[in-house]
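Visitor: Sharing structure39.txt, compact mmCIF, C-alpha atoms and all ligand atoms:
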# COMPACT_ATOMS: atom_id res chain seq x y z
CA MET A 1 10.52 17.50 -11.46
CA SER A 2 7.35 16.31 -13.08
CA ASP A 3 5.90 16.50 -16.58
CA ARG A 4 2.64 18.41 -16.73
CA ILE A 5 -0.06 16.40 -18.47
CA GLU A 6 -2.53 18.59 -20.29
CA SER A 7 -5.39 16.17 -20.80
CA GLY A 8 -5.57 14.81 -17.23
CA GLU A 9 -4.69 11.13 -17.50
CA ALA A 10 -6.15 8.30 -15.42
CA ILE A 11 -3.95 7.53 -12.43
CA HIS A 12 -2.40 4.07 -12.13
CA ALA A 13 -2.21 3.34 -8.42
CA LEU A 14 0.10 0.77 -6.81
CA PHE A 15 -0.46 -0.65 -3.36
CA GLY A 16 2.45 -2.56 -1.83
CA GLY A 17 2.36 -4.64 1.29
CA THR A 18 3.46 -7.70 3.18
CA PHE A 19 -0.19 -8.77 3.38
CA ASP A 20 0.35 -11.39 6.13
CA PRO A 21 -2.63 -11.69 5.61
CA ILE A 22 -4.48 -9.17 3.40
CA HIS A 23 -7.53 -7.81 5.27
CA TYR A 24 -10.41 -5.32 5.08
CA GLY A 25 -8.15 -2.63 6.60
CA HIS A 26 -6.26 -2.82 3.31
CA LEU A 27 -9.18 -3.30 0.95
CA LYS A 28 -11.89 -0.95 2.21
CA PRO A 29 -9.81 2.24 2.55
CA VAL A 30 -8.29 1.81 -0.92
CA GLU A 31 -11.71 1.10 -2.43
CA ALA A 32 -12.95 4.31 -0.80
CA LEU A 33 -9.84 6.11 -2.09
CA ALA A 34 -10.68 4.90 -5.60
CA GLN A 35 -14.12 6.53 -5.23
CA GLU A 36 -12.69 9.68 -3.69
CA ILE A 37 -10.22 10.47 -6.45
CA GLY A 38 -11.61 8.43 -9.34
CA LEU A 39 -9.17 5.53 -9.66
CA ASN A 40 -10.08 2.63 -11.90
CA ARG A 41 -6.86 0.67 -11.63
CA ILE A 42 -5.10 -0.46 -8.45
CA THR A 43 -2.21 -2.88 -8.69
CA LEU A 44 -1.40 -4.84 -5.56
CA LEU A 45 2.29 -5.50 -5.05
CA PRO A 46 2.90 -8.19 -2.43
CA ASN A 47 6.55 -8.26 -1.37
CA HIS A 48 8.85 -11.23 -0.81
CA VAL A 49 11.43 -9.84 1.61
CA PRO A 50 9.80 -6.89 3.40
CA PRO A 51 12.25 -4.14 4.33
CA HIS A 52 12.35 -3.10 7.99
CA ARG A 53 10.42 -5.97 9.58
CA PRO A 54 10.90 -9.66 10.40
CA GLN A 55 10.01 -12.30 7.82
CA PRO A 56 6.24 -12.87 7.63
CA GLU A 57 4.60 -15.93 9.22
CA ALA A 58 2.88 -17.09 6.04
CA ASN A 59 5.22 -17.96 3.20
CA THR A 60 5.39 -15.92 0.01
CA GLN A 61 3.18 -18.27 -2.01
CA GLN A 62 0.54 -18.29 0.73
CA ARG A 63 0.52 -14.49 1.00
CA LEU A 64 0.20 -14.25 -2.79
CA ASP A 65 -2.63 -16.82 -2.82
CA MET A 66 -4.51 -14.80 -0.18
CA VAL A 67 -4.06 -11.54 -2.10
CA LYS A 68 -5.41 -13.19 -5.26
CA LEU A 69 -8.38 -14.71 -3.44
CA ALA A 70 -9.24 -11.37 -1.81
CA VAL A 71 -9.59 -9.51 -5.12
CA ALA A 72 -10.66 -12.35 -7.42
CA ASP A 73 -14.09 -10.84 -8.15
CA ASN A 74 -13.10 -7.18 -8.10
CA PRO A 75 -12.07 -5.64 -11.46
CA LEU A 76 -10.60 -2.59 -9.68
CA PHE A 77 -7.63 -4.71 -8.60
CA SER A 78 -4.88 -6.64 -10.30
CA VAL A 79 -1.83 -8.31 -8.77
CA ASP A 80 1.77 -7.70 -9.85
CA GLU A 81 4.17 -10.44 -8.78
CA ARG A 82 7.45 -8.73 -9.65
CA GLU A 83 8.65 -8.19 -6.07
CA LEU A 84 8.19 -11.89 -5.34
CA HIS A 85 11.01 -12.76 -7.73
CA ARG A 86 13.49 -10.46 -5.99
CA LEU A 87 15.62 -12.07 -3.28
CA ALA A 88 16.81 -8.72 -1.93
CA PRO A 89 14.51 -6.57 0.25
CA SER A 90 11.60 -5.12 -1.74
CA TYR A 91 12.64 -1.49 -1.79
CA THR A 92 9.78 0.51 -3.26
CA ILE A 93 12.08 2.85 -5.16
CA ASP A 94 13.45 -0.11 -7.21
CA THR A 95 9.93 -1.22 -8.12
CA LEU A 96 8.87 2.31 -9.03
CA GLU A 97 11.92 2.78 -11.25
CA GLU A 98 11.05 -0.42 -13.11
CA ILE A 99 7.36 0.41 -13.51
CA ARG A 100 8.08 3.97 -14.59
CA ARG A 101 10.50 2.63 -17.24
CA GLU A 102 7.77 0.32 -18.56
CA GLN A 103 4.92 2.85 -18.53
CA GLY A 104 6.74 5.96 -19.73
CA LYS A 105 6.94 9.41 -18.15
CA LYS A 106 3.46 10.72 -18.87
CA ILE A 107 1.13 8.41 -16.95
CA PRO A 108 0.34 9.57 -13.41
CA LEU A 109 1.61 6.83 -11.11
CA ALA A 110 0.73 6.73 -7.43
CA PHE A 111 1.87 4.58 -4.53
CA ILE A 112 -0.70 4.04 -1.76
CA ILE A 113 0.37 3.81 1.87
CA GLY A 114 -1.36 3.91 5.24
CA GLN A 115 -0.75 6.79 7.63
CA ASP A 116 1.51 4.62 9.81
CA SER A 117 3.83 4.14 6.83
CA LEU A 118 3.95 7.90 6.25
CA LEU A 119 5.24 8.41 9.79
CA THR A 120 8.29 6.23 9.12
CA LEU A 121 8.83 7.12 5.49
CA HIS A 122 12.14 8.82 6.24
CA TYR A 123 13.58 5.36 7.01
CA TRP A 124 12.75 4.09 3.52
CA HIS A 125 15.51 3.55 0.99
CA ARG A 126 16.06 6.81 -0.96
CA TRP A 127 12.78 8.11 0.41
CA GLN A 128 13.07 11.61 -1.00
CA ALA A 129 13.42 10.20 -4.52
CA LEU A 130 10.07 8.36 -4.33
CA LEU A 131 8.26 11.45 -5.61
CA ASP A 132 10.49 11.51 -8.72
CA TYR A 133 8.52 8.46 -9.84
CA CYS A 134 5.07 8.68 -8.30
CA HIS A 135 2.58 10.56 -6.16
CA LEU A 136 1.95 9.25 -2.65
CA LEU A 137 -1.66 8.64 -1.64
CA VAL A 138 -2.05 8.24 2.11
CA CYS A 139 -5.00 6.40 3.64
CA ALA A 140 -6.09 7.36 7.14
CA ARG A 141 -5.49 4.76 9.86
CA PRO A 142 -6.88 4.79 13.41
CA GLY A 143 -4.35 5.85 16.03
CA TYR A 144 -2.19 7.84 13.62
CA THR A 145 -2.41 11.59 13.05
CA ASP A 146 -0.99 13.94 10.43
CA LYS A 147 1.54 15.15 12.97
CA LEU A 148 4.96 13.95 11.91
CA ASP A 149 7.80 13.54 14.40
CA THR A 150 10.67 14.73 12.29
CA PRO A 151 10.99 18.29 10.96
CA GLU A 152 12.59 16.91 7.80
CA LEU A 153 9.53 14.82 6.97
CA GLU A 154 7.19 17.60 8.06
CA SER A 155 8.72 20.14 5.68
CA TRP A 156 8.89 17.60 2.84
CA LEU A 157 5.18 16.92 3.32
CA ALA A 158 4.37 20.65 3.40
CA GLN A 159 6.37 21.18 0.22
CA HIS A 160 4.67 18.43 -1.76
CA ARG A 161 1.20 18.14 -0.28
CA THR A 162 -1.84 18.86 -2.43
CA THR A 163 -5.52 18.82 -1.56
CA LYS A 164 -6.56 19.08 -5.22
CA ILE A 165 -7.49 15.84 -6.89
CA ASP A 166 -7.09 17.37 -10.36
CA ASP A 167 -3.41 18.05 -9.66
CA LEU A 168 -2.85 14.32 -9.21
CA LYS A 169 -4.14 13.73 -12.73
CA GLN A 170 -2.35 16.63 -14.37
CA GLN A 171 1.08 15.74 -13.03
CA ALA A 172 2.76 12.38 -13.48
CA ASN A 173 4.43 12.38 -10.03
CA GLY A 174 5.66 14.59 -7.23
CA LEU A 175 2.62 15.13 -4.96
CA ILE A 176 1.35 13.80 -1.63
CA TYR A 177 -2.39 13.51 -1.02
CA LEU A 178 -3.84 12.72 2.42
CA ALA A 179 -7.14 10.97 1.73
CA HIS A 180 -10.39 11.12 3.69
CA THR A 181 -10.83 7.38 3.77
CA PRO A 182 -12.77 5.50 6.46
CA LEU A 183 -10.91 4.44 9.58
CA LEU A 184 -10.70 0.68 9.99
CA ASP A 185 -9.10 -0.57 13.15
CA ILE A 186 -7.74 -3.77 11.61
CA SER A 187 -4.14 -4.96 11.43
CA ALA A 188 -2.51 -8.16 10.24
CA THR A 189 -0.72 -8.38 13.60
CA ASP A 190 -4.06 -8.43 15.42
CA ILE A 191 -5.48 -11.01 13.00
CA ARG A 192 -2.50 -13.34 13.54
CA GLN A 193 -2.79 -12.85 17.29
CA ARG A 194 -6.53 -13.61 17.26
CA LYS A 195 -5.92 -16.77 15.26
CA HIS A 196 -3.20 -17.88 17.72
CA ASN A 197 -5.75 -17.36 20.50
CA GLY A 198 -8.63 -19.06 18.68
CA ILE A 199 -10.67 -15.83 18.37
CA SER A 200 -13.01 -15.37 15.38
CA LEU A 201 -11.75 -13.48 12.33
CA ASP A 202 -15.26 -12.71 11.03
CA ASP A 203 -15.63 -9.26 9.44
CA LEU A 204 -11.88 -8.66 9.43
CA LEU A 205 -11.06 -10.21 6.08
CA PRO A 206 -12.85 -11.79 3.10
CA PRO A 207 -14.42 -15.23 3.73
CA THR A 208 -12.31 -16.80 0.95
CA VAL A 209 -9.15 -15.66 2.73
CA GLN A 210 -10.49 -16.92 6.04
CA GLN A 211 -11.17 -20.34 4.49
CA TYR A 212 -7.65 -20.41 3.05
CA ILE A 213 -6.14 -19.64 6.46
CA GLU A 214 -8.09 -22.62 7.88
CA GLN A 215 -7.15 -24.99 5.05
CA GLN A 216 -3.45 -24.11 5.28
CA GLY A 217 -3.39 -24.14 9.08
CA LEU A 218 -1.93 -20.64 9.15
CA TYR A 219 -1.24 -18.53 12.27
CA ARG A 220 -1.90 -21.34 14.76
N1 LIG A 301 -6.25 -0.63 8.80
C1 LIG A 301 -5.51 0.04 7.89
N2 LIG A 301 -5.86 1.29 7.50
C2 LIG A 301 -5.11 1.97 6.59
N3 LIG A 301 -3.96 1.49 6.02
C3 LIG A 301 -3.56 0.26 6.38
C4 LIG A 301 -4.31 -0.53 7.32
N4 LIG A 301 -3.66 -1.72 7.47
C5 LIG A 301 -2.57 -1.65 6.69
N5 LIG A 301 -2.49 -0.49 6.03
C6 LIG A 301 -1.45 -0.05 5.08
O1 LIG A 301 -1.33 -1.08 4.11
C7 LIG A 301 0.07 -1.23 3.71
C8 LIG A 301 0.48 -2.68 3.89
O2 LIG A 301 0.33 -2.98 5.24
P1 LIG A 301 0.75 -4.35 5.90
O3 LIG A 301 0.67 -5.47 4.91
O4 LIG A 301 2.03 -4.17 6.64
O5 LIG A 301 -0.48 -4.53 6.93
P2 LIG A 301 -0.52 -4.36 8.50
O6 LIG A 301 -1.89 -4.70 8.91
O7 LIG A 301 0.02 -3.01 8.88
O8 LIG A 301 0.49 -5.50 8.93
P3 LIG A 301 1.23 -5.81 10.32
O9 LIG A 301 0.22 -5.67 11.41
O10 LIG A 301 1.74 -7.20 10.11
O11 LIG A 301 2.33 -4.77 10.43
C9 LIG A 301 0.85 -0.25 4.59
O12 LIG A 301 1.09 0.94 3.83
C10 LIG A 301 -0.08 0.05 5.74
O13 LIG A 301 0.12 1.35 6.26
O1 LIG A 302 11.55 1.05 0.23
C1 LIG A 302 11.65 0.92 1.46
O2 LIG A 302 12.68 1.19 2.10
C2 LIG A 302 10.44 0.39 2.21
C3 LIG A 302 10.42 0.31 3.61
C4 LIG A 302 9.30 -0.18 4.25
C5 LIG A 302 8.20 -0.60 3.50
N1 LIG A 302 8.26 -0.49 2.14
C6 LIG A 302 7.11 -0.93 1.32
O3 LIG A 302 5.93 -0.39 1.85
C7 LIG A 302 4.84 -1.29 1.67
C8 LIG A 302 4.18 -1.53 3.02
O4 LIG A 302 5.12 -2.17 3.85
P1 LIG A 302 4.67 -3.04 5.11
O5 LIG A 302 5.97 -3.45 5.76
O6 LIG A 302 3.84 -2.10 5.95
O7 LIG A 302 3.87 -4.18 4.57
C9 LIG A 302 5.45 -2.54 1.04
O8 LIG A 302 5.26 -2.47 -0.36
C10 LIG A 302 6.92 -2.44 1.38
O9 LIG A 302 7.74 -3.11 0.44
C11 LIG A 302 9.33 0.00 1.50
Represent the structure contained in this file as structure tokens.

Guide:
Amino acid sequence: MSDRIESGEAIHALFGGTFDPIHYGHLKPVEALAQEIGLNRITLLPNHVPPHRPQPEANTQQRLDMVKLAVADNPLFSVDERELHRLAPSYTIDTLEEIRREQGKKIPLAFIIGQDSLLTLHYWHRWQALLDYCHLLVCARPGYTDKLDTPELESWLAQHRTTKIDDLKQQANGLIYLAHTPLLDISATDIRQRKHNGISLDDLLPPTVQQYIEQQGLYR
């Protein structure tokens, strides 16, 4: 259940990731999403122990450094380090519970994911409870469609989906919005692979992050 907010509050959006490394496939779609629905605050949440995947190649401090460098000059973004202090897997529901406690019930909170994450959302810890705390904003990603494999996820999406941006501001949580963001065929896996193979990373991630990767000798 969600509280209805009469005045239409600004949405606080959270964007979690392993960011090994952060790249334009993360940054550009969420910047476009901010334009599309009128966000002025996106908090990046790098994780320490990602659930459901092997440990990242770059260490936690390096991934955090790259996230900070990537958004240093962009007031849209801030970085929240809370998941880095947790030794257990960074389950999103735990983070949302904490942030909701801090911010109260009335502020619309949203968690941003890419379309690939939506397809496997039913494997997330207490996935159906996520909407008790936030909306989900889904960025398009090349190679992934809206067609979900499991009927359970499909009917959950149908039940909670909205196409109305105003709804996201008038409710504190409980909705799923599939955004019309640009498709960027960039992945951290491909970037690491390119680096291993000595292929240029130009145009895939900010120059400051590229320089950091060189200085630290990452992904060799
Ligand atoms: N090119 C992209 N377009 C849209 N969303 C993306 C893109 N790349 C990553 N995301 C989303 O950003 C979030 C964090 O992604 P993550 O840090 O795992 O990046 P990744 O490039 O998918 O990494 P990897 O290749 O190592 O799996 C996820 O919700 C993911 O769906
Ligand atoms: O809560 C879960 O079970 C869960 C499972 C997989 C991923 N997540 C979160 O989703 C975000 C994107 O994850 P990833 O692995 O694509 O970087 C990141 O914040 C993860 O902590 C969360």

Visitor: For A:Ile165, which residue out of A:Arg126, A:Arg141, A:His180, A:Arg41 is the nearest one, using only C-alpha atoms?

Guide: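 With only C-alpha atoms as the atom set, the closest residue is A:His180.
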
Visitor: Residues of stretch 47-161 of chain A within 9 Å of stretch 184-208 of chain A: nearest atom pair and distance (Å, one decimal) for each, counting only C-alpha atoms, sorted by chain and number, as a tab-separated table?

Guide:
residue	atom	partner	partner_atom	distance
A:Glu57	CA	A:Arg192	CA	8.7
A:Met66	CA	A:Thr208	CA	8.1
A:Leu69	CA	A:Thr208	CA	6.3
A:Ala70	CA	A:Pro206	CA	6.1
A:Ala140	CA	A:Leu184	CA	8.6
A:Arg141	CA	A:Leu184	CA	6.6
A:Pro142	CA	A:Asp185	CA	5.8
A:Gly143	CA	A:Asp185	CA	8.5

Visitor: Could you jot down the atom O11 of ligand LIG 301 (chain A) to atom CA of A:Arg53 separation for me, Å, one decimal place?

Guide: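 Atom-to-atom, atom O11 of ligand LIG 301 (chain A) and atom CA of A:Arg53 are spaced 8.2 Å apart.
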
Visitor: To one decimal place, how far is atom CA of A:Leu84 from atom CA of A:Val49 in Å?

Guide: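 These two atoms are separated by 7.9 Å.
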
Visitor: Go ahead and compute the interatomic distance for atom CA of A:Arg100 and atom CA of A:Asp132, in Å to one decimal.

Guide: 9.9 Å

Visitor: Let me have the centre and edge lengths of the axis-aligned box enclosing all listed atoms of ligand LIG 302 (chain A) with 5 Å padding on every side, in Å to one decimal, as lines of an AutoDock Vina configuration file.

Guide:
center_x = 8.3
center_y = -1.5
center_z = 2.8
size_x = 18.8
size_y = 15.4
size_z = 16.3

Visitor: Which one is closest to A:Leu76: A:Glu31, A:Asp116, A:Asp94, A:Glu102? Count all atoms listed in the file.

Guide: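 Smallest distance to A:Leu76 is found for A:Glu31.
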
Visitor: Around ligand LIG 302 (chain A), out to 7 Å and counting all atoms listed in the file, which residues are there? I want them as an mmCIF file with C-alpha atoms, in the frame of the given file.

Guide:
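Result file pocket_28.cif:
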data_model
loop_
_atom_site.group_PDB
_atom_site.id
_atom_site.type_symbol
_atom_site.label_atom_id
_atom_site.label_comp_id
_atom_site.auth_asym_id
_atom_site.auth_seq_id
_atom_site.Cartn_x
_atom_site.Cartn_y
_atom_site.Cartn_z
ATOM 1 C CA PHE A 15 -0.460 -0.650 -3.360
ATOM 2 C CA GLY A 16 2.450 -2.560 -1.830
ATOM 3 C CA GLY A 17 2.360 -4.640 1.290
ATOM 4 C CA THR A 18 3.460 -7.700 3.180
ATOM 5 C CA PHE A 19 -0.190 -8.770 3.380
ATOM 6 C CA LEU A 45 2.290 -5.500 -5.050
ATOM 7 C CA PRO A 46 2.900 -8.190 -2.430
ATOM 8 C CA ASN A 47 6.550 -8.260 -1.370
ATOM 9 C CA PRO A 50 9.800 -6.890 3.400
ATOM 10 C CA PRO A 51 12.250 -4.140 4.330
ATOM 11 C CA HIS A 52 12.350 -3.100 7.990
ATOM 12 C CA ARG A 53 10.420 -5.970 9.580
ATOM 13 C CA SER A 90 11.600 -5.120 -1.740
ATOM 14 C CA TYR A 91 12.640 -1.490 -1.790
ATOM 15 C CA THR A 92 9.780 0.510 -3.260
ATOM 16 C CA ILE A 93 12.080 2.850 -5.160
ATOM 17 C CA ILE A 113 0.370 3.810 1.870
ATOM 18 C CA SER A 117 3.830 4.140 6.830
ATOM 19 C CA TYR A 123 13.580 5.360 7.010
ATOM 20 C CA TRP A 124 12.750 4.090 3.520
ATOM 21 C CA HIS A 125 15.510 3.550 0.990
#

Visitor: Residues near A:Thr150, anyone? I mean within 10 Å using all atoms listed in the file, not counting same-chain ones fewer than 4 positions away, as a list in words.

Guide: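 My reading of the contact set: Leu119, Thr120, His122, Glu154 and Ser155 of chain A.
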
Visitor: With distances taken over all atoms listed in the file, which of A:Val138, A:Leu153, A:Leu178, A:Ala110 is nearest to A:Leu39?

Guide: A:Ala110
